[in-house]
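**Q** Got query.csv for you, CSV, C-alpha atoms:
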chain,number,residue,atom,x,y,z
A,1,MET,CA,12.8,21.8,45.4
A,2,THR,CA,11.5,24.4,42.9
A,3,PRO,CA,13.0,24.0,39.4
A,4,ASN,CA,15.2,26.8,38.3
A,5,PRO,CA,13.2,28.6,35.4
A,6,LYS,CA,16.4,29.6,33.7
A,7,SER,CA,17.7,26.1,33.7
A,8,ALA,CA,14.3,24.7,32.5
A,9,ASN,CA,14.2,27.2,29.6
A,10,ARG,CA,17.8,26.2,28.6
A,11,GLY,CA,16.8,22.5,28.8
A,12,ALA,CA,13.8,23.2,26.5
A,13,THR,CA,15.9,25.1,24.0
A,14,VAL,CA,18.5,22.3,23.9
A,15,LEU,CA,15.7,19.8,23.4
A,16,TRP,CA,14.0,21.7,20.5
A,17,VAL,CA,17.3,22.5,18.8
A,18,GLY,CA,18.3,18.9,19.1
A,19,VAL,CA,15.0,17.7,17.5
A,20,LEU,CA,15.5,20.2,14.7
A,21,ALA,CA,19.1,19.1,14.2
A,22,VAL,CA,18.0,15.4,13.9
A,23,VAL,CA,15.3,16.4,11.4
A,24,VAL,CA,17.8,18.3,9.2
A,25,VAL,CA,20.3,15.4,9.4
A,26,LEU,CA,17.6,13.0,8.3
A,27,GLY,CA,16.7,15.2,5.4
A,28,VAL,CA,20.3,15.1,4.2
A,29,VAL,CA,20.4,11.3,4.6
A,30,ALA,CA,17.1,11.0,2.7
A,31,VAL,CA,18.5,13.0,-0.2
A,32,VAL,CA,21.7,10.8,-0.3
A,33,LEU,CA,19.8,7.5,0.0
A,34,ALA,CA,17.2,8.4,-2.6
A,35,ARG,CA,19.8,9.7,-5.1
A,36,GLY,CA,19.6,7.7,-8.3
A,37,LYS,CA,16.9,5.4,-6.9
A,38,GLY,CA,14.1,4.9,-9.3
A,39,ASP,CA,16.1,6.1,-12.3
A,40,ASP,CA,16.4,2.5,-13.5
A,41,LYS,CA,12.6,2.1,-13.8
A,42,PRO,CA,11.6,1.8,-17.5
A,43,PRO,CA,9.2,4.4,-18.7
A,44,ILE,CA,5.5,3.6,-18.9
A,45,GLU,CA,5.7,3.5,-22.7
A,46,ASP,CA,7.9,0.4,-22.5
A,47,GLU,CA,5.4,-1.4,-20.2
A,48,THR,CA,2.2,-0.6,-22.1
A,49,SER,CA,1.2,-0.6,-25.7
A,50,ALA,CA,-1.1,1.2,-28.1
A,51,ILE,CA,-4.3,-0.7,-28.3
A,52,THR,CA,-6.7,-0.9,-31.2
A,53,VAL,CA,-10.2,-2.2,-30.8
A,54,THR,CA,-12.6,-3.5,-33.5
A,55,GLY,CA,-16.1,-4.4,-32.6
A,56,ASP,CA,-18.4,-3.6,-29.7
A,57,PRO,CA,-17.0,-3.6,-26.2
A,58,LEU,CA,-18.4,-6.1,-23.8
A,59,PRO,CA,-20.8,-4.8,-21.1
A,60,ALA,CA,-19.3,-4.2,-17.7
A,61,GLN,CA,-19.1,-7.2,-15.3
A,62,THR,CA,-21.7,-7.0,-12.6
A,63,SER,CA,-22.3,-8.9,-9.4
A,64,THR,CA,-25.6,-10.3,-10.7
A,65,GLU,CA,-26.2,-12.2,-14.0
A,66,ASP,CA,-23.4,-11.4,-16.4
A,67,PRO,CA,-24.8,-9.5,-19.4
A,68,ALA,CA,-21.7,-10.5,-21.5
A,69,ILE,CA,-22.5,-14.2,-21.6
A,70,GLY,CA,-23.1,-15.2,-25.2
A,71,GLU,CA,-21.7,-12.0,-26.6
A,72,THR,CA,-19.0,-12.1,-29.2
A,73,ILE,CA,-15.7,-10.6,-28.0
A,74,PRO,CA,-14.3,-7.6,-29.8
A,75,THR,CA,-10.9,-7.8,-31.5
A,76,VAL,CA,-8.1,-6.2,-29.5
A,77,SER,CA,-4.6,-5.7,-30.8
A,78,GLY,CA,-1.5,-4.4,-29.2
A,79,THR,CA,2.1,-5.5,-28.3
A,80,ALA,CA,3.0,-8.5,-26.2
A,81,VAL,CA,5.4,-8.6,-23.3
A,82,ASP,CA,8.1,-9.9,-25.7
A,83,GLY,CA,7.6,-7.0,-28.0
A,84,THR,CA,5.8,-8.9,-30.8
A,85,PRO,CA,2.3,-7.9,-32.1
A,86,ILE,CA,-0.6,-9.8,-30.4
A,87,THR,CA,-4.3,-9.9,-31.2
A,88,ILE,CA,-7.1,-11.2,-29.1
A,89,GLU,CA,-10.0,-12.0,-31.5
A,90,PRO,CA,-12.8,-14.4,-32.3
A,91,ASP,CA,-10.6,-16.6,-34.5
A,92,GLY,CA,-12.2,-20.0,-34.1
A,93,LYS,CA,-10.1,-21.0,-31.1
A,94,ALA,CA,-11.4,-21.2,-27.5
A,95,LYS,CA,-9.6,-19.0,-25.0
A,96,VAL,CA,-9.0,-18.2,-21.4
A,97,ILE,CA,-7.9,-14.6,-21.0
A,98,VAL,CA,-6.2,-13.8,-17.7
A,99,PHE,CA,-6.1,-10.1,-16.6
A,100,MET,CA,-3.5,-9.1,-14.0
A,101,ALA,CA,-2.1,-6.0,-12.4
A,102,HIS,CA,1.5,-6.0,-11.2
A,103,TRP,CA,0.7,-4.1,-8.0
A,104,CYS,CA,-2.3,-6.3,-7.0
A,105,PRO,CA,-1.3,-8.6,-4.1
A,106,HIS,CA,-3.8,-11.2,-5.2
A,107,CYS,CA,-2.3,-11.3,-8.7
A,108,GLN,CA,1.2,-11.5,-7.1
A,109,ARG,CA,0.0,-14.8,-5.5
A,110,GLU,CA,-2.2,-16.1,-8.3
A,111,ILE,CA,0.1,-15.6,-11.4
A,112,PRO,CA,3.1,-17.6,-10.0
A,113,LEU,CA,0.7,-20.4,-9.0
A,114,LEU,CA,-0.7,-20.5,-12.5
A,115,ALA,CA,2.7,-20.2,-14.1
A,116,GLU,CA,4.0,-23.2,-12.1
A,117,HIS,CA,0.8,-25.2,-13.0
A,118,LEU,CA,1.1,-24.4,-16.7
A,119,ALA,CA,4.8,-25.2,-16.6
A,120,GLU,CA,3.9,-28.6,-15.2
A,121,THR,CA,1.0,-29.4,-17.5
A,122,GLY,CA,2.0,-27.4,-20.6
A,123,LEU,CA,-0.3,-25.1,-22.4
A,124,PRO,CA,-3.4,-26.9,-23.8
A,125,ASP,CA,-3.4,-27.4,-27.6
A,126,ASP,CA,-7.0,-26.6,-28.2
A,127,VAL,CA,-7.5,-23.7,-25.8
A,128,GLU,CA,-5.4,-20.6,-26.0
A,129,ILE,CA,-4.3,-19.1,-22.7
A,130,ILE,CA,-3.6,-15.3,-23.1
A,131,GLY,CA,-2.6,-12.8,-20.4
A,132,VAL,CA,-3.3,-9.1,-20.3
A,133,ALA,CA,-1.0,-7.0,-18.1
A,134,THR,CA,-3.3,-4.1,-17.2
A,135,ASN,CA,-3.7,-1.1,-14.9
A,136,THR,CA,0.1,-0.5,-15.1
A,137,ALA,CA,1.5,2.4,-13.1
A,138,THR,CA,5.1,3.4,-12.6
A,139,ASN,CA,4.5,4.6,-9.0
A,140,LEU,CA,3.0,1.4,-7.8
A,141,ASP,CA,4.5,-1.7,-6.2
A,142,ASN,CA,6.2,-4.4,-8.2
A,143,TYR,CA,6.7,-2.2,-11.4
A,144,PRO,CA,7.6,-3.1,-14.1
A,145,PRO,CA,5.2,-5.9,-15.0
A,146,THR,CA,7.4,-7.4,-17.6
A,147,SER,CA,10.2,-8.1,-15.1
A,148,TRP,CA,7.6,-9.5,-12.6
A,149,LEU,CA,6.1,-11.9,-15.2
A,150,ASP,CA,9.6,-13.0,-16.3
A,151,ARG,CA,10.7,-13.5,-12.7
A,152,VAL,CA,7.7,-15.7,-11.9
A,153,GLY,CA,8.0,-17.8,-15.1
A,154,TRP,CA,4.8,-16.6,-16.7
A,155,ASP,CA,5.4,-18.1,-20.1
A,156,VAL,CA,2.1,-17.2,-21.6
A,157,PRO,CA,1.5,-14.8,-24.5
A,158,THR,CA,0.6,-11.6,-22.7
A,159,LEU,CA,-0.8,-8.3,-24.1
A,160,LEU,CA,0.5,-5.1,-22.6
A,161,ASP,CA,-2.5,-3.0,-22.0
A,162,SER,CA,-2.5,0.8,-22.8
A,163,PRO,CA,-1.8,3.3,-20.1
A,164,GLU,CA,-5.5,4.0,-20.0
A,165,SER,CA,-6.2,0.2,-19.6
A,166,GLU,CA,-8.3,0.2,-22.8
A,167,ALA,CA,-8.2,-3.6,-23.2
A,168,TYR,CA,-9.4,-4.1,-19.6
A,169,ALA,CA,-12.3,-1.7,-20.2
A,170,THR,CA,-13.1,-3.1,-23.6
A,171,PHE,CA,-13.6,-6.6,-22.1
A,172,GLY,CA,-15.7,-5.1,-19.3
A,173,MET,CA,-13.6,-6.5,-16.5
A,174,SER,CA,-14.0,-5.1,-13.0
A,175,SER,CA,-11.1,-6.5,-10.8
A,176,PHE,CA,-8.0,-8.6,-10.9
A,177,PRO,CA,-7.0,-11.3,-11.2
A,178,SER,CA,-9.9,-11.9,-13.5
A,179,PHE,CA,-10.6,-14.4,-16.2
A,180,LEU,CA,-12.6,-14.2,-19.4
A,181,VAL,CA,-13.6,-17.5,-20.9
A,182,VAL,CA,-14.4,-17.6,-24.6
A,183,ASP,CA,-15.6,-20.5,-26.7
A,184,ALA,CA,-14.4,-21.5,-30.2
A,185,ASP,CA,-17.2,-19.3,-31.7
A,186,GLY,CA,-15.7,-16.3,-30.0
A,187,LYS,CA,-18.6,-16.0,-27.5
A,188,VAL,CA,-18.2,-15.3,-23.8
A,189,VAL,CA,-18.8,-18.4,-21.7
A,190,VAL,CA,-18.1,-16.9,-18.3
A,191,ARG,CA,-16.2,-14.1,-16.6
A,192,THR,CA,-14.9,-14.5,-13.1
A,193,SER,CA,-12.4,-12.9,-10.8
A,194,GLY,CA,-10.3,-13.6,-7.7
A,195,GLU,CA,-7.5,-16.0,-6.7
A,196,LEU,CA,-8.4,-19.4,-8.1
A,197,PRO,CA,-7.0,-22.8,-7.2
A,198,VAL,CA,-5.4,-24.5,-10.2
A,199,GLU,CA,-8.3,-27.0,-10.3
A,200,THR,CA,-10.8,-24.2,-10.8
A,201,PHE,CA,-8.5,-22.7,-13.5
A,202,ASP,CA,-8.5,-26.1,-15.2
A,203,GLN,CA,-12.4,-26.1,-15.1
A,204,LEU,CA,-12.3,-22.7,-16.9
A,205,VAL,CA,-10.1,-24.2,-19.6
A,206,GLU,CA,-12.6,-27.0,-19.9
A,207,ALA,CA,-15.5,-24.5,-20.0
A,208,ALA,CA,-13.7,-22.7,-22.9
A,209,ARG,CA,-13.3,-26.1,-24.7
A,210,SER,CA,-16.9,-27.2,-24.2
A,211,GLY,CA,-18.5,-23.8,-24.4
A,212,GLN,CA,-20.4,-24.3,-21.1
A,213,VAL,CA,-19.8,-24.0,-17.4
A,214,GLU,CA,-19.9,-27.3,-15.5
B,1,MET,CA,12.3,17.2,-3.6
B,2,ASP,CA,10.9,14.2,-5.5
B,3,THR,CA,8.5,11.6,-4.1
B,4,GLU,CA,11.3,9.0,-3.6
B,5,THR,CA,13.3,11.5,-1.5
B,6,THR,CA,10.4,12.7,0.5
B,7,THR,CA,9.0,9.2,1.3
B,8,THR,CA,12.6,8.2,2.3
B,9,PHE,CA,12.7,11.2,4.7
B,10,PHE,CA,9.3,10.1,6.2
B,11,ALA,CA,10.6,6.6,6.5
B,12,LEU,CA,13.8,7.8,8.4
B,13,LEU,CA,11.6,9.9,10.7
B,14,ALA,CA,9.5,6.7,11.3
B,15,VAL,CA,12.7,4.8,12.2
B,16,VAL,CA,13.8,7.5,14.7
B,17,ALA,CA,10.3,7.4,16.2
B,18,GLN,CA,10.5,3.6,16.6
B,19,VAL,CA,14.0,3.9,18.2
B,20,VAL,CA,12.6,6.5,20.7
B,21,VAL,CA,9.6,4.4,21.5
B,22,GLY,CA,11.7,1.3,21.8
B,23,ALA,CA,14.2,3.0,24.1
B,24,ALA,CA,11.3,4.5,26.2
B,25,VAL,CA,9.8,1.0,26.7
B,26,VAL,CA,13.1,-0.5,27.6
B,27,LEU,CA,13.8,2.2,30.1
B,28,ALA,CA,10.3,1.9,31.6
B,29,VAL,CA,10.6,-1.9,32.0
B,30,VAL,CA,14.2,-2.3,32.9
B,31,GLY,CA,14.0,0.7,35.2
B,32,ARG,CA,11.6,-1.2,37.4
B,33,PHE,CA,14.3,-3.7,38.3
B,34,VAL,CA,17.6,-1.8,37.9
B,35,PRO,CA,18.0,1.4,40.0
B,36,ALA,CA,20.7,2.9,37.7
B,37,VAL,CA,18.4,2.6,34.7
B,38,ALA,CA,15.6,4.1,36.8
B,39,ARG,CA,17.8,7.1,37.5
B,40,VAL,CA,18.6,7.5,33.7
B,41,ARG,CA,14.9,7.2,33.0
B,42,SER,CA,14.0,9.9,35.6
B,43,ARG,CA,16.6,12.3,34.3
B,44,LEU,CA,15.4,11.9,30.7
B,45,ALA,CA,11.8,12.2,31.7
B,46,ALA,CA,12.6,15.4,33.6
B,47,PHE,CA,14.4,16.7,30.5
B,48,VAL,CA,11.7,15.8,28.0
B,49,GLY,CA,8.6,15.8,30.1
B,50,PRO,CA,7.8,19.6,30.2
B,51,GLN,CA,7.9,19.7,26.4
B,52,ALA,CA,6.5,16.3,25.8
B,53,VAL,CA,2.9,17.4,24.9
B,54,ALA,CA,4.2,20.1,22.6
B,55,LEU,CA,6.5,17.6,21.0
B,56,ALA,CA,3.6,15.2,20.5
B,57,ALA,CA,1.6,18.0,18.8
B,58,VAL,CA,4.6,18.6,16.5
B,59,VAL,CA,4.7,14.9,15.7
B,60,ALA,CA,1.0,15.0,14.8
B,61,LEU,CA,1.6,18.1,12.6
B,62,VAL,CA,4.4,16.4,10.8
B,63,CYS,CA,2.3,13.2,10.2
B,64,THR,CA,-0.6,15.4,9.0
B,65,LEU,CA,1.6,17.3,6.5
B,66,GLY,CA,3.2,14.1,5.4
B,67,SER,CA,-0.2,12.5,4.8
B,68,LEU,CA,-1.3,15.6,2.8
B,69,TYR,CA,1.9,15.5,0.8
B,70,LEU,CA,1.3,11.8,-0.1
B,71,SER,CA,-2.3,12.4,-1.4
B,72,GLU,CA,-2.0,16.0,-2.8
B,73,VAL,CA,1.5,16.1,-4.2
B,74,ALA,CA,2.5,12.4,-4.8
B,75,ASP,CA,-1.1,11.5,-5.9
B,76,PHE,CA,-1.3,8.4,-3.7
B,77,VAL,CA,-5.1,8.0,-3.4
B,78,PRO,CA,-6.0,7.4,0.3
B,79,CYS,CA,-8.0,4.2,0.8
B,80,ARG,CA,-10.8,3.7,3.4
B,81,LEU,CA,-8.4,2.7,6.2
B,82,CYS,CA,-6.1,5.6,5.3
B,83,TRP,CA,-9.0,7.9,5.8
B,84,LEU,CA,-9.8,6.4,9.2
B,85,GLN,CA,-6.2,6.9,10.3
B,86,ARG,CA,-6.4,10.5,9.0
B,87,PHE,CA,-9.6,11.0,11.2
B,88,ALA,CA,-7.5,10.0,14.2
B,89,MET,CA,-4.3,12.0,13.3
B,90,TYR,CA,-5.5,15.3,12.0
B,91,PRO,CA,-7.5,16.5,15.0
B,92,LEU,CA,-4.5,15.5,17.2
B,93,VAL,CA,-2.7,18.6,15.9
B,94,VAL,CA,-5.4,20.8,17.5
B,95,VAL,CA,-6.1,18.7,20.6
B,96,LEU,CA,-2.5,18.3,21.5
B,97,GLY,CA,-1.6,21.9,20.6
B,98,ALA,CA,-4.4,23.0,23.0
B,99,ALA,CA,-3.2,20.5,25.6
B,100,ALA,CA,0.3,21.9,25.4
B,101,LEU,CA,-0.9,25.5,25.7
B,102,THR,CA,-3.5,24.9,28.5
B,103,ARG,CA,-1.9,22.0,30.3
B,104,TRP,CA,-5.4,20.6,30.6
B,105,ARG,CA,-5.1,16.9,31.5
B,106,ALA,CA,-8.5,16.0,29.8
B,107,LEU,CA,-7.1,17.1,26.5
B,108,ARG,CA,-4.0,15.0,26.9
B,109,ILE,CA,-6.0,12.0,27.7
B,110,ALA,CA,-8.4,12.6,24.8
B,111,GLY,CA,-5.3,12.8,22.6
B,112,ALA,CA,-4.0,9.6,23.9
B,113,VAL,CA,-7.3,7.8,23.2
B,114,MET,CA,-7.3,9.1,19.7
B,115,ALA,CA,-3.7,8.1,19.1
B,116,ALA,CA,-4.5,4.6,20.5
B,117,VAL,CA,-7.4,4.2,18.1
B,118,GLY,CA,-5.3,5.4,15.2
B,119,ALA,CA,-2.5,3.0,16.1
B,120,SER,CA,-5.0,0.1,16.2
B,121,ILE,CA,-6.3,1.0,12.7
B,122,SER,CA,-2.7,1.3,11.4
B,123,ILE,CA,-1.9,-2.2,12.7
B,124,TYR,CA,-5.0,-3.6,11.0
B,125,HIS,CA,-4.1,-1.8,7.8
B,126,MET,CA,-0.6,-3.3,8.0
B,127,LEU,CA,-2.1,-6.8,8.4
B,128,ILE,CA,-4.4,-6.2,5.3
B,129,GLU,CA,-1.3,-5.2,3.3
B,130,ARG,CA,0.5,-8.5,4.2
B,131,PHE,CA,-2.6,-10.7,4.3
B,132,PRO,CA,-5.1,-9.3,1.8
B,133,GLU,CA,-7.5,-12.2,2.3
B,134,LEU,CA,-8.4,-10.7,5.7
B,135,GLU,CA,-10.6,-8.3,3.8
B,136,ASN,CA,-12.7,-11.3,2.8
B,137,SER,CA,-11.8,-10.7,-0.8
B,138,THR,CA,-9.7,-12.6,-3.3
B,139,SER,CA,-9.4,-9.9,-5.9
B,140,CYS,CA,-8.3,-6.3,-6.2
B,141,ASP,CA,-10.8,-3.6,-6.7
B,142,PRO,CA,-8.9,-1.4,-9.2
B,143,THR,CA,-10.4,1.8,-7.7
B,144,ASN,CA,-8.2,1.6,-4.6
B,145,PRO,CA,-7.8,-1.5,-2.4
B,146,CYS,CA,-6.5,-1.1,1.2
B,147,SER,CA,-4.1,-3.9,0.4
B,148,LEU,CA,-2.3,-1.8,-2.2
B,149,ILE,CA,1.3,-0.9,-1.1
B,150,TRP,CA,2.1,2.5,-2.4
B,151,VAL,CA,5.6,2.8,-0.9
B,152,GLU,CA,7.8,0.5,1.0
B,153,HIS,CA,11.2,1.5,2.5
B,154,PHE,CA,13.8,-0.6,4.2
B,155,GLY,CA,11.7,-3.7,3.5
B,156,TYR,CA,8.9,-3.0,6.0
B,157,LEU,CA,8.0,0.7,6.2
B,158,THR,CA,4.8,1.2,4.3
B,159,ILE,CA,2.5,4.2,4.8
B,160,PRO,CA,0.4,2.6,7.6
B,161,ALA,CA,3.7,1.4,9.3
B,162,MET,CA,4.9,5.0,9.2
B,163,ALA,CA,1.6,6.2,10.6
B,164,LEU,CA,1.8,3.6,13.4
B,165,SER,CA,5.3,4.9,14.2
B,166,GLY,CA,3.8,8.4,14.6
B,167,PHE,CA,0.9,7.3,16.7
B,168,ALA,CA,3.3,5.2,18.9
B,169,LEU,CA,5.6,8.2,19.4
B,170,ILE,CA,2.7,10.4,20.3
B,171,LEU,CA,1.5,7.9,22.9
B,172,THR,CA,5.0,7.6,24.3
B,173,LEU,CA,5.4,11.4,24.6
B,174,LEU,CA,2.0,11.7,26.3
B,175,ALA,CA,2.9,9.0,28.7
B,176,ILE,CA,6.1,10.8,29.6
B,177,ALA,CA,4.1,14.0,30.0
B,178,GLY,CA,1.7,12.2,32.4
B,179,THR,CA,4.5,11.3,34.7
B,180,THR,CA,6.3,14.6,34.8
B,181,THR,CA,4.1,17.5,34.0
B,182,GLU,CA,2.0,19.6,36.3
B,183,GLU,CA,-1.5,19.7,34.7
B,184,HIS,CA,-5.0,21.1,35.4
B,185,PRO,CA,-7.5,18.3,36.1
So, in terms of structure tokens, how does the structure I just supplied come out?
**A**
Amino acid sequence: MTPNPKSANRGATVLWVGVLAVVVVLGVVAVVLARGKGDDKPPIEDETSAITVTGDPLPAQTSTEDPAIGETIPTVSGTAVDGTPITIEPDGKAKVIVFMAHWCPHCQREIPLLAEHLAETGLPDDVEIIGVATNTATNLDNYPPTSWLDRVGWDVPTLLDSPESEAYATFGMSSFPSFLVVDADGKVVVRTSGELPVETFDQLVEAARSGQVE
Amino acid sequence: MDTETTTTFFALLAVVAQVVVGAAVVLAVVGRFVPAVARVRSRLAAFVGPQAVALAAVVALVCTLGSLYLSEVADFVPCRLCWLQRFAMYPLVVVLGAAALTRWRALRIAGAVMAAVGASISIYHMLIERFPELENSTSCDPTNPCSLIWVEHFGYLTIPAMALSGFALILTLLAIAGTTTEEHP
């Protein structure tokens, strides 16, 4: 049987009008669903801070031998997650500085792991653990970083980096999560990155304490 | 329209695409065993089939415009896997548009192959998002990792999940066209 061209044309018209109608309805539903969503996000100014740097920045981290080893860290000041002033400086105390980005899936796994570990063991007395919440962006996953860190129980003094991630760049880091280990003389012992088991993190704390990598 | 509204709209389109694909699969499978369902399937195929390739071309066009919106307006920087999906999706607008106009079977089949490749990359990208260690990396490159989730709607619809919905709908429409449309070899 030959299809009736008139009926076929009518069928095609009905189909295309139907598709268009569905698209229009979805557009209206999208407007309704998205209304007010995202308004509760704090502005970037609340999740970052003005950074001041004194001293020479560390050279960028490379895949070969790290040129920063033995260099003295610069002094970086800004605001901590709890709103108080915070300074990372060569002040005679060994340090492990942890760099994290709220949207990075590896950080989203590593930071809760470390938070739980540090809650169990407590912060060491002779080695300072400091966080740096960096590369913050309002349009990315898991924003704002302060809520995330609070949610996962990250109870470590943490600097809010500037919107331009100046602290991250000043310390020459190249990915996250990443770790900058500094001895009591303020000199870089090692820089490393990636998800680390807590045992390896403990080795970094020991490296900061002793000034050398085991 | 702001980015939130627009990506919600894309997510809703993706949900509709998934419903259509799911319904087509159910009709195709159940229709093999239940004659009443087979009759419904035939009627729907006869209704959609003549326009199916043109509809697939429109789906590719919407996906292309959506992808350009995300990178050029919303400033979501495409990663390496996003680009591979783009290489599969963008030419489909031309290939399927030409297939709809010429009814040349080779073009429809070429389009189906491209859509299948694109869908495979989307699935891999979704896995990278959920299991970043699959990239043999334990840290995020700040310049733009493929594991970065730019948007997520309804708890599961990320950008590659939306792309997969588009590719799957195109494949479904091309399959329907293959069963109902008269074509040139």
**Q** Only residues of chain A matter here; which ones have an atom within 10 Å of chain B, counting only C-alpha atoms? Give them as a PyMOL selection string.
**A** chain A and resi 8-9+11-16+19+22-38+100-101+103-107+110+135+139-142+174-178+193-196
**Q** I'd like the contact shell of Ala116 of chain B - 9 Å cut-off, all atoms listed in the file, skipping same-chain residues fewer than 4 positions apart - returned as a PDB file with C-alpha atoms, in the frame of the given file.
**A**
ATOM      1  CA  ALA B  88      -7.500  10.000  14.200  1.00  0.00           C
ATOM      2  CA  GLY B 111      -5.300  12.800  22.600  1.00  0.00           C
ATOM      3  CA  ALA B 112      -4.000   9.600  23.900  1.00  0.00           C
ATOM      4  CA  SER B 120      -5.000   0.100  16.200  1.00  0.00           C
ATOM      5  CA  ILE B 121      -6.300   1.000  12.700  1.00  0.00           C
ATOM      6  CA  PHE B 167       0.900   7.300  16.700  1.00  0.00           C
ATOM      7  CA  ALA B 168       3.300   5.200  18.900  1.00  0.00           C
ATOM      8  CA  LEU B 171       1.500   7.900  22.900  1.00  0.00           C
TER       9      LEU B 171
END
**Q** Quick one, how far is atom CA of Ser42 of chain B from atom CA of Thr172 of chain B?
**A**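 Interatomic distance, atom CA of Ser42 of chain B to atom CA of Thr172 of chain B: 14.6 Å.
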**Q** Excluding Ala115 of chain A and residues on its chain fewer than 6 positions from it, collect all residues at most 10 Å away from it, counting only C-alpha atoms, and give them as a PyMOL selection string.
**A** chain A and resi 121-122+149+152-156+198
**Q** Take the residues just selected and output them with C-alpha atoms as a short mmCIF file (atom, residue, chain, number, x, y, z; two decimals), keeping the file's coordinate frame.
**A**
data_model
loop_
_atom_site.label_atom_id
_atom_site.label_comp_id
_atom_site.auth_asym_id
_atom_site.auth_seq_id
_atom_site.Cartn_x
_atom_site.Cartn_y
_atom_site.Cartn_z
CA THR A 121 1.00 -29.40 -17.50
CA GLY A 122 2.00 -27.40 -20.60
CA LEU A 149 6.10 -11.90 -15.20
CA VAL A 152 7.70 -15.70 -11.90
CA GLY A 153 8.00 -17.80 -15.10
CA TRP A 154 4.80 -16.60 -16.70
CA ASP A 155 5.40 -18.10 -20.10
CA VAL A 156 2.10 -17.20 -21.60
CA VAL A 198 -5.40 -24.50 -10.20
#
**Q** So what do you get for atom CA of Thr52 of chain A versus atom CA of Glu166 of chain A, distance-wise?
**A**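 Those two atoms sit 8.6 Å apart.
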**Q** Give me the residues within 9 Å of Arg209 of chain A as a ChimeraX atom specification, counting all atoms listed in the file and dropping any in the same chain fewer than 2 places off.
**A** /A:93-95,126-127,182-184,204-207,211-212
**Q** For atom CA of Pro43 of chain A and atom CA of Val73 of chain B, determine how far apart the two atoms are, in Å to one decimal place.
**A**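 About the pair atom CA of Pro43 of chain A and atom CA of Val73 of chain B: they are 20.2 Å apart.
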